[in-house]
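Structure data (mmCIF, C-alpha atoms) from work32.cif:
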```cif
data_final
loop_
_atom_site.label_atom_id
_atom_site.label_comp_id
_atom_site.auth_asym_id
_atom_site.auth_seq_id
_atom_site.Cartn_x
_atom_site.Cartn_y
_atom_site.Cartn_z
CA MET A 1 -21.96 -72.77 -8.51
CA ASN A 2 -23.40 -69.43 -7.44
CA ILE A 3 -20.48 -67.01 -7.20
CA LEU A 4 -20.84 -63.59 -5.61
CA ILE A 5 -18.24 -60.97 -6.57
CA ILE A 6 -17.78 -57.84 -4.45
CA SER A 7 -15.91 -54.95 -6.04
CA GLN A 8 -15.73 -51.17 -6.08
CA TYR A 9 -14.89 -51.14 -9.80
CA TRP A 10 -17.03 -52.72 -12.51
CA ALA A 11 -17.93 -52.38 -16.18
CA PRO A 12 -18.90 -50.35 -18.14
CA GLU A 13 -16.01 -48.37 -16.65
CA ASN A 14 -12.87 -49.20 -18.60
CA GLY A 15 -10.03 -49.52 -16.10
CA VAL A 16 -7.68 -52.35 -15.26
CA PRO A 17 -9.83 -53.88 -12.45
CA GLN A 18 -12.95 -53.68 -14.63
CA ARG A 19 -11.31 -55.27 -17.67
CA ARG A 20 -9.70 -57.93 -15.50
CA TRP A 21 -13.00 -59.07 -14.03
CA SER A 22 -14.98 -58.83 -17.25
CA TRP A 23 -12.46 -61.33 -18.61
CA LEU A 24 -12.44 -63.59 -15.53
CA THR A 25 -16.24 -63.50 -15.27
CA GLY A 26 -16.42 -64.74 -18.85
CA ILE A 27 -14.20 -67.70 -17.95
CA LEU A 28 -16.41 -68.57 -14.99
CA GLU A 29 -19.64 -68.40 -16.95
CA GLU A 30 -18.19 -70.46 -19.81
CA GLN A 31 -17.79 -73.24 -17.23
CA GLY A 32 -21.43 -72.94 -16.18
CA HIS A 33 -21.00 -70.88 -13.02
CA SER A 34 -23.60 -68.23 -12.21
CA VAL A 35 -22.16 -64.84 -11.25
CA THR A 36 -23.79 -62.06 -9.23
CA VAL A 37 -21.95 -58.80 -8.53
CA ILE A 38 -22.20 -56.17 -5.81
CA ALA A 39 -20.57 -52.95 -7.04
CA PRO A 40 -21.24 -49.20 -7.23
CA PRO A 41 -22.39 -47.61 -10.50
CA PRO A 42 -19.74 -46.11 -12.81
CA HIS A 43 -18.54 -42.88 -11.23
CA TYR A 44 -14.74 -42.79 -11.06
CA ASN A 45 -14.30 -41.10 -14.44
CA ARG A 46 -16.70 -38.30 -13.62
CA SER A 47 -17.04 -36.04 -10.61
CA PRO A 48 -20.67 -35.05 -9.98
CA SER A 49 -21.30 -32.25 -7.54
CA LEU A 50 -22.92 -33.10 -4.22
CA SER A 51 -26.23 -31.62 -5.40
CA GLU A 52 -26.14 -33.63 -8.65
CA TRP A 53 -25.25 -36.76 -6.69
CA TRP A 54 -28.13 -36.24 -4.26
CA LYS A 55 -30.71 -35.46 -6.98
CA SER A 56 -29.69 -38.54 -8.95
CA GLY A 57 -30.38 -40.79 -5.96
CA SER A 58 -26.93 -42.34 -6.32
CA PHE A 59 -26.83 -43.12 -2.61
CA ARG A 60 -29.50 -45.81 -3.18
CA ALA A 61 -29.00 -49.43 -4.22
CA ARG A 62 -30.57 -50.85 -7.36
CA THR A 63 -30.39 -54.00 -9.49
CA GLU A 64 -29.28 -54.24 -13.11
CA HIS A 65 -29.57 -57.14 -15.54
CA ASP A 66 -26.62 -56.93 -17.87
CA THR A 67 -25.58 -59.50 -20.45
CA SER A 68 -23.15 -57.30 -22.41
CA ASN A 69 -20.26 -58.21 -20.06
CA GLN A 70 -21.27 -61.81 -19.37
CA VAL A 71 -22.70 -60.85 -15.97
CA GLU A 72 -26.39 -61.56 -15.59
CA THR A 73 -27.04 -59.61 -12.39
CA VAL A 74 -25.31 -56.56 -10.90
CA VAL A 75 -26.52 -55.11 -7.61
CA ARG A 76 -25.44 -51.46 -7.71
CA THR A 77 -24.73 -49.96 -4.31
CA GLY A 78 -24.85 -46.32 -3.35
CA PHE A 79 -21.69 -44.24 -3.52
CA PHE A 80 -20.15 -40.93 -2.48
CA PRO A 81 -18.52 -38.82 -5.25
CA ALA A 82 -14.86 -39.64 -5.80
CA GLY A 83 -11.97 -37.21 -6.13
CA ARG A 84 -8.23 -37.29 -6.78
CA SER A 85 -6.94 -36.36 -3.33
CA LEU A 86 -6.22 -39.13 -0.85
CA THR A 87 -8.82 -37.74 1.54
CA GLN A 88 -11.55 -37.79 -1.12
CA ARG A 89 -10.60 -41.30 -2.22
CA ILE A 90 -10.65 -42.59 1.35
CA LEU A 91 -14.10 -41.07 1.88
CA ASN A 92 -15.35 -42.53 -1.39
CA GLN A 93 -14.06 -46.04 -0.68
CA ALA A 94 -15.38 -45.97 2.88
CA ALA A 95 -18.82 -44.83 1.69
CA VAL A 96 -18.98 -47.51 -1.03
CA ALA A 97 -17.89 -50.15 1.49
CA ALA A 98 -20.63 -49.04 3.90
CA ALA A 99 -23.18 -49.15 1.08
CA ALA A 100 -22.06 -52.66 0.13
CA LEU A 101 -22.40 -53.77 3.74
CA TRP A 102 -25.92 -52.35 3.85
CA VAL A 103 -26.84 -54.42 0.78
CA ILE A 104 -25.24 -57.54 2.27
CA ILE A 105 -26.98 -57.17 5.63
CA LYS A 106 -30.41 -56.13 4.31
CA ARG A 107 -30.34 -58.44 1.27
CA PRO A 108 -32.89 -56.43 -0.70
CA GLY A 109 -34.64 -57.54 -3.90
CA ILE A 110 -32.97 -60.45 -5.67
CA LEU A 111 -30.59 -61.04 -2.75
CA ARG A 112 -33.45 -61.88 -0.38
CA ASN A 113 -33.31 -65.61 -1.07
CA TYR A 114 -29.89 -65.65 -2.71
CA GLN A 115 -27.24 -68.04 -1.38
CA PRO A 116 -23.73 -67.95 -2.86
CA ASP A 117 -21.50 -70.99 -2.83
CA LEU A 118 -18.38 -68.81 -3.00
CA ILE A 119 -17.67 -65.10 -2.46
CA ILE A 120 -14.80 -63.30 -4.24
CA GLY A 121 -13.68 -59.86 -3.11
CA SER A 122 -11.69 -57.84 -5.63
CA VAL A 123 -9.15 -55.46 -4.09
CA PRO A 124 -7.62 -52.64 -4.96
CA ALA A 125 -10.22 -50.75 -2.93
CA LEU A 126 -8.86 -51.73 0.48
CA PRO A 127 -12.16 -51.89 2.45
CA THR A 128 -13.37 -54.61 0.07
CA ALA A 129 -11.27 -57.21 1.89
CA VAL A 130 -13.09 -56.56 5.17
CA VAL A 131 -16.49 -56.32 3.45
CA THR A 132 -15.84 -59.71 1.84
CA TYR A 133 -14.95 -61.25 5.20
CA LEU A 134 -18.19 -59.91 6.74
CA ALA A 135 -20.18 -61.09 3.71
CA SER A 136 -18.85 -64.61 4.25
CA LYS A 137 -20.23 -64.49 7.79
CA ARG A 138 -23.60 -63.15 6.61
CA PHE A 139 -24.02 -65.73 3.84
CA LYS A 140 -22.14 -68.52 5.65
CA ALA A 141 -20.02 -69.13 2.56
CA PRO A 142 -16.25 -69.40 1.91
CA TYR A 143 -14.45 -66.41 0.45
CA VAL A 144 -11.46 -65.65 -1.76
CA ILE A 145 -9.60 -62.34 -1.99
CA ASP A 146 -8.34 -61.17 -5.40
CA LEU A 147 -5.36 -58.97 -4.50
CA ARG A 148 -4.41 -56.94 -7.57
CA ASP A 149 -1.51 -55.00 -6.02
CA ALA A 150 1.01 -55.53 -3.22
CA TRP A 151 -1.38 -54.61 -0.41
CA PRO A 152 -1.14 -54.27 2.52
CA ASP A 153 2.62 -53.71 2.11
CA LEU A 154 2.00 -50.52 0.13
CA ILE A 155 0.40 -49.00 3.23
CA SER A 156 3.86 -48.95 4.81
CA GLU A 157 4.90 -46.43 2.14
CA HIS A 158 2.19 -43.90 3.11
CA GLU A 159 4.73 -41.24 4.11
CA ARG A 160 6.02 -41.20 0.52
CA TRP A 161 2.70 -41.49 -1.31
CA ASN A 162 2.67 -37.79 -2.23
CA SER A 163 6.41 -37.36 -2.78
CA GLY A 164 5.96 -36.84 -6.52
CA LEU A 165 3.04 -34.40 -6.25
CA GLY A 166 4.90 -31.25 -5.27
CA ASP A 167 4.61 -29.39 -1.97
CA PRO A 168 2.09 -30.94 0.45
CA SER A 169 -1.18 -29.12 1.05
CA PHE A 170 -2.18 -27.77 4.46
CA ARG A 171 -4.73 -30.57 4.78
CA GLU A 172 -2.03 -33.17 4.06
CA LYS A 173 0.31 -31.64 6.64
CA VAL A 174 -2.42 -31.71 9.29
CA LEU A 175 -3.61 -35.25 8.54
CA SER A 176 -0.08 -36.67 8.34
CA ARG A 177 0.56 -35.73 11.98
CA GLY A 178 -1.41 -38.68 13.32
CA PRO A 179 -4.72 -39.56 11.61
CA VAL A 180 -3.04 -41.12 8.57
CA GLN A 181 -0.72 -43.25 10.72
CA VAL A 182 -3.62 -44.50 12.84
CA LEU A 183 -5.78 -45.21 9.78
CA GLY A 184 -2.85 -46.99 8.14
CA LEU A 185 -2.25 -49.25 11.11
CA VAL A 186 -5.93 -50.12 11.45
CA THR A 187 -6.28 -50.77 7.70
CA LYS A 188 -3.15 -52.91 7.58
CA TRP A 189 -4.30 -55.02 10.55
CA ALA A 190 -7.81 -55.44 9.09
CA MET A 191 -6.45 -56.41 5.67
CA ASN A 192 -3.97 -58.90 7.07
CA TYR A 193 -6.73 -60.45 9.18
CA SER A 194 -9.07 -60.72 6.18
CA LEU A 195 -6.33 -62.25 4.03
CA ARG A 196 -5.26 -64.65 6.77
CA GLU A 197 -8.81 -65.86 7.37
CA SER A 198 -9.64 -66.25 3.68
CA ASP A 199 -10.27 -69.61 2.03
CA GLY A 200 -8.14 -68.69 -0.98
CA LEU A 201 -6.05 -65.89 -2.46
CA ILE A 202 -5.61 -64.69 -6.03
CA VAL A 203 -2.56 -62.52 -6.74
CA THR A 204 -1.03 -60.94 -9.83
CA SER A 205 2.64 -61.71 -9.22
CA SER A 206 4.65 -64.71 -8.04
CA ARG A 207 6.64 -62.63 -5.56
CA LEU A 208 3.49 -61.39 -3.87
CA GLY A 209 2.09 -64.91 -3.67
CA ASN A 210 5.28 -66.24 -2.09
CA SER A 211 5.40 -63.30 0.34
CA LEU A 212 1.85 -63.97 1.55
CA LYS A 213 2.50 -67.70 1.94
CA GLU A 214 5.54 -66.95 4.08
CA ARG A 215 3.74 -64.30 6.14
CA PHE A 216 0.81 -66.54 7.05
CA ARG A 217 2.75 -69.79 7.38
CA GLY A 218 2.28 -70.05 11.14
CA TYR A 219 -1.51 -69.73 11.10
CA ARG A 220 -3.56 -72.91 11.16
CA LYS A 221 -6.10 -71.96 8.50
CA SER A 222 -3.61 -70.22 6.22
CA ALA A 223 -1.39 -73.28 5.98
CA ASP A 224 -3.86 -74.88 3.57
CA THR A 225 -5.04 -71.71 1.84
CA PRO A 226 -4.53 -72.02 -1.93
CA VAL A 227 -2.81 -69.12 -3.72
CA SER A 228 -3.32 -68.68 -7.46
CA VAL A 229 -1.24 -66.35 -9.62
CA ILE A 230 -3.47 -64.78 -12.28
CA ARG A 231 -1.66 -61.98 -14.04
CA ASN A 232 -3.34 -59.00 -15.70
CA VAL A 233 -3.13 -60.53 -19.15
CA PHE A 234 -6.72 -59.78 -20.08
CA PRO A 235 -7.42 -59.44 -23.85
CA PRO A 236 -6.04 -56.21 -25.33
CA GLU A 237 -8.30 -53.61 -26.92
CA ILE A 238 -5.69 -52.82 -29.57
CA ASN A 239 -5.14 -54.78 -32.77
CA LEU A 240 -1.58 -56.14 -32.89
CA GLY A 241 -1.16 -55.76 -36.62
CA VAL A 242 -2.28 -52.14 -36.63
CA ALA A 243 -0.13 -51.14 -33.67
CA ALA A 244 3.10 -52.66 -34.96
CA HIS A 245 5.82 -50.04 -35.36
CA GLU A 246 7.69 -50.75 -38.61
CA GLU A 247 10.33 -48.01 -38.68
CA HIS A 248 12.06 -46.27 -35.81
CA SER A 249 12.68 -42.56 -35.73
CA THR A 250 16.12 -41.30 -36.74
CA ASN A 251 18.24 -38.92 -34.68
CA CYS A 252 15.61 -38.82 -31.92
CA LEU A 253 13.56 -41.14 -29.76
CA ASN A 254 9.78 -41.11 -29.36
CA VAL A 255 8.87 -42.31 -25.87
CA LEU A 256 5.26 -43.03 -24.89
CA TYR A 257 3.90 -43.40 -21.39
CA ALA A 258 0.24 -44.46 -21.47
CA GLY A 259 -1.20 -45.06 -18.04
CA THR A 260 -1.82 -43.54 -14.64
CA LEU A 261 0.09 -40.38 -13.74
CA GLY A 262 0.06 -41.39 -10.12
CA ARG A 263 1.88 -41.69 -6.86
CA ALA A 264 3.46 -45.11 -7.39
CA GLN A 265 5.05 -44.01 -10.67
CA ASN A 266 6.84 -40.76 -9.68
CA LEU A 267 7.23 -39.82 -13.34
CA THR A 268 9.22 -36.69 -12.49
CA ASN A 269 12.17 -39.08 -12.83
CA ALA A 270 11.40 -39.52 -16.56
CA ILE A 271 11.16 -35.76 -17.17
CA ARG A 272 14.54 -35.25 -15.51
CA ALA A 273 15.98 -37.98 -17.75
CA VAL A 274 14.70 -36.13 -20.84
CA ALA A 275 16.43 -32.96 -19.59
CA LEU A 276 19.71 -34.83 -19.07
CA ALA A 277 19.56 -36.33 -22.57
CA GLN A 278 18.73 -32.92 -24.00
CA ASN A 279 21.77 -31.39 -22.26
CA GLN A 280 23.91 -34.00 -24.02
CA GLY A 281 22.55 -32.97 -27.42
CA TYR A 282 19.98 -35.78 -27.83
CA GLN A 283 16.31 -35.31 -28.69
CA VAL A 284 13.88 -37.41 -26.65
CA ASN A 285 10.21 -36.74 -27.35
CA LEU A 286 8.28 -37.83 -24.28
CA ARG A 287 4.51 -38.11 -24.45
CA PHE A 288 2.20 -38.79 -21.50
CA VAL A 289 -1.27 -40.19 -22.22
CA GLY A 290 -3.42 -40.50 -19.14
CA ALA A 291 -4.59 -38.78 -16.01
CA GLY A 292 -3.77 -38.89 -12.35
CA ALA A 293 -2.87 -37.00 -9.22
CA ALA A 294 0.66 -36.16 -10.42
CA ARG A 295 -0.25 -34.50 -13.71
CA LYS A 296 -0.13 -30.92 -12.43
CA GLU A 297 3.34 -31.40 -10.93
CA LEU A 298 4.62 -33.08 -14.11
CA VAL A 299 3.44 -30.16 -16.25
CA ARG A 300 5.12 -27.71 -13.88
CA LEU A 301 8.44 -29.60 -13.87
CA ALA A 302 8.53 -29.94 -17.66
CA LYS A 303 8.02 -26.20 -17.99
CA ASP A 304 10.69 -25.41 -15.39
CA LEU A 305 13.26 -27.68 -17.06
CA ASP A 306 12.27 -26.45 -20.54
CA VAL A 307 11.99 -29.94 -22.04
CA LYS A 308 9.79 -31.31 -24.82
CA VAL A 309 7.01 -33.22 -23.05
CA GLU A 310 3.47 -33.62 -24.39
CA PHE A 311 0.40 -34.34 -22.30
CA SER A 312 -2.79 -35.96 -23.57
CA SER A 313 -5.91 -37.11 -21.77
CA LYS A 314 -6.81 -40.77 -21.47
CA LEU A 315 -7.73 -42.14 -24.90
CA ALA A 316 -9.96 -44.90 -26.20
CA ALA A 317 -8.39 -47.89 -27.94
CA ASP A 318 -8.57 -46.33 -31.43
CA GLY A 319 -6.73 -43.22 -30.30
CA LEU A 320 -4.15 -45.22 -28.38
CA THR A 321 -3.33 -47.29 -31.45
CA GLU A 322 -2.05 -44.18 -33.20
CA GLN A 323 0.07 -43.34 -30.15
CA TYR A 324 1.70 -46.77 -30.23
CA LYS A 325 2.44 -46.40 -33.94
CA TRP A 326 4.22 -43.12 -33.14
CA ALA A 327 6.31 -44.57 -30.30
CA ASP A 328 9.76 -46.07 -30.69
CA THR A 329 9.63 -47.33 -27.12
CA ALA A 330 7.01 -47.38 -24.38
CA LEU A 331 7.75 -46.47 -20.79
CA VAL A 332 6.85 -48.67 -17.82
CA HIS A 333 7.70 -46.69 -14.71
CA LEU A 334 7.63 -47.41 -10.98
CA THR A 335 9.20 -45.62 -8.04
CA ASP A 336 11.56 -47.29 -5.56
CA TRP A 337 9.11 -48.44 -2.88
CA PRO A 338 10.09 -51.97 -1.75
CA ALA A 339 6.46 -53.15 -2.01
CA LEU A 340 6.46 -52.40 -5.74
CA GLU A 341 9.07 -55.11 -6.30
CA GLN A 342 6.12 -57.50 -5.83
CA ALA A 343 3.95 -55.73 -8.43
CA VAL A 344 3.90 -55.84 -12.23
CA PRO A 345 2.06 -53.02 -14.06
CA SER A 346 -0.60 -54.44 -16.37
CA LYS A 347 0.72 -52.21 -19.15
CA THR A 348 3.80 -54.46 -19.23
CA PHE A 349 1.76 -57.36 -20.58
CA GLU A 350 -0.08 -55.21 -23.13
CA LEU A 351 3.23 -53.95 -24.51
CA MET A 352 4.65 -57.47 -24.66
CA ASN A 353 1.53 -58.62 -26.46
CA LEU A 354 1.96 -55.84 -29.03
CA GLY A 355 5.69 -56.42 -29.46
CA ILE A 356 6.62 -52.84 -28.57
CA HIS A 357 10.03 -52.19 -27.02
CA ILE A 358 9.78 -51.40 -23.30
CA SER A 359 11.91 -48.85 -21.48
CA ALA A 360 11.32 -49.94 -17.90
CA VAL A 361 12.15 -48.16 -14.69
CA ALA A 362 11.56 -50.92 -12.21
CA ALA A 363 12.98 -53.57 -9.90
CA GLY A 364 11.82 -56.95 -8.65
CA GLU A 365 9.42 -59.07 -10.69
CA THR A 366 8.81 -56.43 -13.38
CA LYS A 367 12.54 -56.31 -14.08
CA GLU A 368 12.84 -60.09 -14.10
CA LEU A 369 9.98 -60.59 -16.55
CA ILE A 370 11.04 -57.92 -19.04
CA GLU A 371 14.64 -59.10 -19.13
CA SER A 372 13.92 -62.85 -19.20
CA LEU A 373 11.29 -62.43 -21.93
CA GLU A 374 13.54 -60.15 -24.02
CA ALA A 375 10.90 -57.41 -24.08
CA GLY A 376 13.13 -54.36 -23.65
CA HIS A 377 15.61 -52.77 -21.28
CA VAL A 378 15.38 -52.03 -17.55
CA VAL A 379 17.07 -49.40 -15.39
CA PRO A 380 16.81 -48.85 -11.60
CA PRO A 381 14.08 -46.60 -10.17
CA GLU A 382 14.86 -43.01 -9.17
CA SER A 383 17.94 -42.78 -11.38
CA PRO A 384 17.34 -40.23 -14.17
CA ASP A 385 20.99 -40.62 -15.19
CA ALA A 386 20.50 -44.34 -15.92
CA LEU A 387 17.29 -43.69 -17.87
CA ALA A 388 18.92 -40.91 -19.90
CA GLN A 389 21.83 -43.24 -20.70
CA LEU A 390 19.41 -45.92 -21.90
CA TRP A 391 17.57 -43.51 -24.18
CA THR A 392 20.74 -42.03 -25.68
CA LYS A 393 21.98 -45.58 -26.31
CA LEU A 394 18.75 -46.41 -28.16
CA ILE A 395 19.20 -43.31 -30.32
CA ASP A 396 22.82 -44.22 -31.11
CA GLU A 397 22.03 -47.90 -31.71
CA PRO A 398 18.37 -48.25 -32.80
CA ARG A 399 18.83 -51.99 -33.41
CA PHE A 400 18.28 -52.43 -29.65
CA LEU A 401 14.68 -51.29 -30.15
CA ASP A 402 13.82 -54.56 -31.90
CA VAL A 403 12.30 -57.12 -29.53
CA SER A 404 11.74 -60.85 -29.98
CA THR A 405 8.41 -62.66 -30.00
CA VAL A 406 9.20 -64.47 -26.74
CA GLY A 407 7.20 -61.99 -24.67
CA SER A 408 4.08 -62.01 -26.84
CA LYS A 409 4.01 -65.81 -26.94
CA TRP A 410 4.38 -65.97 -23.16
CA VAL A 411 1.52 -63.51 -22.61
CA ASP A 412 -0.73 -65.47 -24.97
CA LYS A 413 -0.03 -68.67 -23.05
CA GLU A 414 -0.70 -66.97 -19.71
CA ARG A 415 -4.03 -65.63 -21.02
CA SER A 416 -5.31 -68.70 -22.82
CA LYS A 417 -4.02 -71.51 -20.60
CA VAL A 418 -2.44 -70.52 -17.30
CA ALA A 419 -4.99 -67.95 -16.05
CA PRO A 420 -8.12 -70.04 -16.77
CA ARG A 421 -6.48 -73.08 -15.20
CA GLU A 422 -5.52 -71.16 -12.04
CA LEU A 423 -8.93 -69.51 -11.68
CA LEU A 424 -10.85 -72.74 -12.10
CA ARG A 425 -8.43 -74.58 -9.81
CA ILE A 426 -9.24 -72.30 -6.90
CA VAL A 427 -12.99 -72.12 -7.68
CA GLU A 428 -13.55 -75.82 -8.28
CA ARG A 429 -11.89 -76.64 -4.96
CA PHE A 430 -14.99 -75.20 -3.28
CA GLU A 431 -17.32 -76.96 -5.69
CA ILE A 432 -15.83 -80.28 -4.60
CA ASP A 433 -16.17 -79.29 -0.92
CA ARG A 434 -19.82 -78.36 -1.51
CA LEU A 435 -20.56 -81.75 -3.02
#
```

Re-express the file's structure as structure tokens.
Amino acid sequence: MNILIISQYWAPENGVPQRRWSWLTGILEEQGHSVTVIAPPPHYNRSPSLSEWWKSGSFRARTEHDTSNQVETVVRTGFFPAGRSLTQRILNQAAVAAAALWVIIKRPGILRNYQPDLIIGSVPALPTAVVTYLASKRFKAPYVIDLRDAWPDLISEHERWNSGLGDPSFREKVLSRGPVQVLGLVTKWAMNYSLRESDGLIVTSSRLGNSLKERFRGYRKSADTPVSVIRNVFPPEINLGVAAHEEHSTNCLNVLYAGTLGRAQNLTNAIRAVALAQNQGYQVNLRFVGAGAARKELVRLAKDLDVKVEFSSKLAADGLTEQYKWADTALVHLTDWPALEQAVPSKTFELMNLGIHISAVAAGETKELIESLEAGHVVPPESPDALAQLWTKLIDEPRFLDVSTVGSKWVDKERSKVAPRELLRIVERFEIDRL
């Protein structure tokens, strides 16, 4: 089969969406499927100025032949420089979506006589769902949406997106008066329509899959739409044997958070928990490794509360291995938005795979998985008291930091058996229809 993948994130960038689809693309090509990708060039980890962007010609499409990540052909679209503010991200995603549509409509170069048998749109970039729907009309081919997070439900939380970033800017105050609400309603309707009309859905959690089935139950086409659960259990970059933590710290607790310092995490809760533990005479060493929109506010709060918190930029796998060796427990942290009860951070599976104790601030499916797989301890979101109590308990009774191998075995099974089976189940359904 010829499979066309549309995404706003692709290798060689090294984020969760990129690693997820490098892995899934490998599975497809191992089964003899031919994969072509429409995606922008790597640009999210750098911020070129407008003049640099213009001089580089990055608004133009081009074709790459790349065999390093299993993909034979990548059609790179134009893009607009990204930023960390919501406004900049919206502009970037809209521009990339428009550039992808231009490529789909014009069909330049290798796409001129190209005919996919199946189109897969990878979301988290929200406009990708609509672009994929339009691509299916242009190519007259069925399409599947890969929904990595609990969209469009997360759009309903837009009023709280910046709650952990400090005081709102003037621009945010102005835009929140009406434009954001209108854009949110339009985006939510367009996403729901694209999901409802799809020929298949791929999700990363069981709760999200069940929610979508229930939501679209009354629609004729959606009644037969297959939904596959493919979790973010892509192969880790870290060696398990090297990362194993043999001895826990004494009289203190080393806590590592390695991931996005973003809106959905609201990590100010963790800093407040450190302060509470410190006031009780306990030493919790909290270390953040990563970047995101909330970093500035986290640094400010740590300074104001006079607590021991370290900040480090995003690290490559080798550097992160040393961080895991240092940690007694690793933090998985979500805020209390209802939509996040249908999401499971990909870091959860990496930590299970490595056998590192998890201190989780979460509800819903994340909570259920960590507790049922004996991978750590879970406390409710937005309760620094509960998190402080957990950490002081782990200092007093370090035996609770030891986790079983149930979680790592489960992740290995999901990666090697369940995910390939679910992906091929949904893809081969269209191969049978084509024959």

Which residues would end up in the selection if the PyMOL selection byres ((chain A and resi 28) around 12) were applied here, given that I need the answer as a PyMOL selection string? chain A and resi 1-5+21-27+29-36+70-71+419-428

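Picked out by the PyMOL selection byres ((chain A and resi 202) around 10) when it runs on this file: Ile120, Gly121, Ser122, Val144, Ile145, Asp146, Leu147, Arg148, Gly200, Leu201, Val203, Thr204, Ser205, Leu208, Gly209, Pro226, Val227, Ser228, Val229, Ile230, Arg231, Glu422, Leu423 and Ile426 of chain A.
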
Since I can't run it myself right now, could you work out what the PyMOL selection byres ((chain A and resi 330) around 8) selects here and report it as number ranges by chain? A: 255-258, 324, 327-329, 331-332, 351, 356-359

Any chance you could export the current selection's C-alpha atoms as an mmCIF file, in the frame of the given file?
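Output (part.cif):
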```cif
data_model
loop_
_atom_site.group_PDB
_atom_site.id
_atom_site.type_symbol
_atom_site.label_atom_id
_atom_site.label_comp_id
_atom_site.auth_asym_id
_atom_site.auth_seq_id
_atom_site.Cartn_x
_atom_site.Cartn_y
_atom_site.Cartn_z
ATOM 1 C CA VAL A 255 8.870 -42.310 -25.870
ATOM 2 C CA LEU A 256 5.260 -43.030 -24.890
ATOM 3 C CA TYR A 257 3.900 -43.400 -21.390
ATOM 4 C CA ALA A 258 0.240 -44.460 -21.470
ATOM 5 C CA TYR A 324 1.700 -46.770 -30.230
ATOM 6 C CA ALA A 327 6.310 -44.570 -30.300
ATOM 7 C CA ASP A 328 9.760 -46.070 -30.690
ATOM 8 C CA THR A 329 9.630 -47.330 -27.120
ATOM 9 C CA LEU A 331 7.750 -46.470 -20.790
ATOM 10 C CA VAL A 332 6.850 -48.670 -17.820
ATOM 11 C CA LEU A 351 3.230 -53.950 -24.510
ATOM 12 C CA ILE A 356 6.620 -52.840 -28.570
ATOM 13 C CA HIS A 357 10.030 -52.190 -27.020
ATOM 14 C CA ILE A 358 9.780 -51.400 -23.300
ATOM 15 C CA SER A 359 11.910 -48.850 -21.480
#
```

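From atom CA of Val411 of chain A back to atom CA of Leu373 of chain A, the distance works out to 9.9 Å.
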
Glu365 of chain A environment, 8 Å, only C-alpha atoms, sequence neighbours closer than 2 positions dropped, as JSON, numbers by chain: {"A": [205, 206, 207, 341, 342, 343, 344, 363, 367, 368, 369]}

Selection from above, C-alpha atoms, as a compact mmCIF listing (two decimals), keeping the file's coordinate frame, can you write it?
```txt
# COMPACT_ATOMS: atom_id res chain seq x y z
CA SER A 205 2.64 -61.71 -9.22
CA SER A 206 4.65 -64.71 -8.04
CA ARG A 207 6.64 -62.63 -5.56
CA GLU A 341 9.07 -55.11 -6.30
CA GLN A 342 6.12 -57.50 -5.83
CA ALA A 343 3.95 -55.73 -8.43
CA VAL A 344 3.90 -55.84 -12.23
CA ALA A 363 12.98 -53.57 -9.90
CA LYS A 367 12.54 -56.31 -14.08
CA GLU A 368 12.84 -60.09 -14.10
CA LEU A 369 9.98 -60.59 -16.55
```

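The coordinates place atom CA of Ala95 of chain A at 21.6 Å from atom CA of Phe139 of chain A.
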
Can you list, as number ranges by chain, every protein, DNA or RNA residue that comes within 8 Å of Ser312 of chain A when you count all atoms listed in the file, leaving out same-chain residues fewer than 2 positions away? A: 287-290, 310, 314

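The shortest atom-to-atom distance to Pro345 of chain A, with only C-alpha atoms taken into account, belongs to A:Gly259 out of A:Gly259, A:Gly407, A:Pro381, A:Pro116.
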
Quick one: everything within 9 Å of Ile271 of chain A, counting only C-alpha atoms, minus sequence neighbours fewer than 2 positions away in the same chain. Send it as a PyMOL selection string. chain A and resi 267-269+273-276+286+298+301-302+305+307-309+384

Students should find that atom CA of Met352 of chain A and atom CA of Gln8 of chain A are spaced 28.3 Å
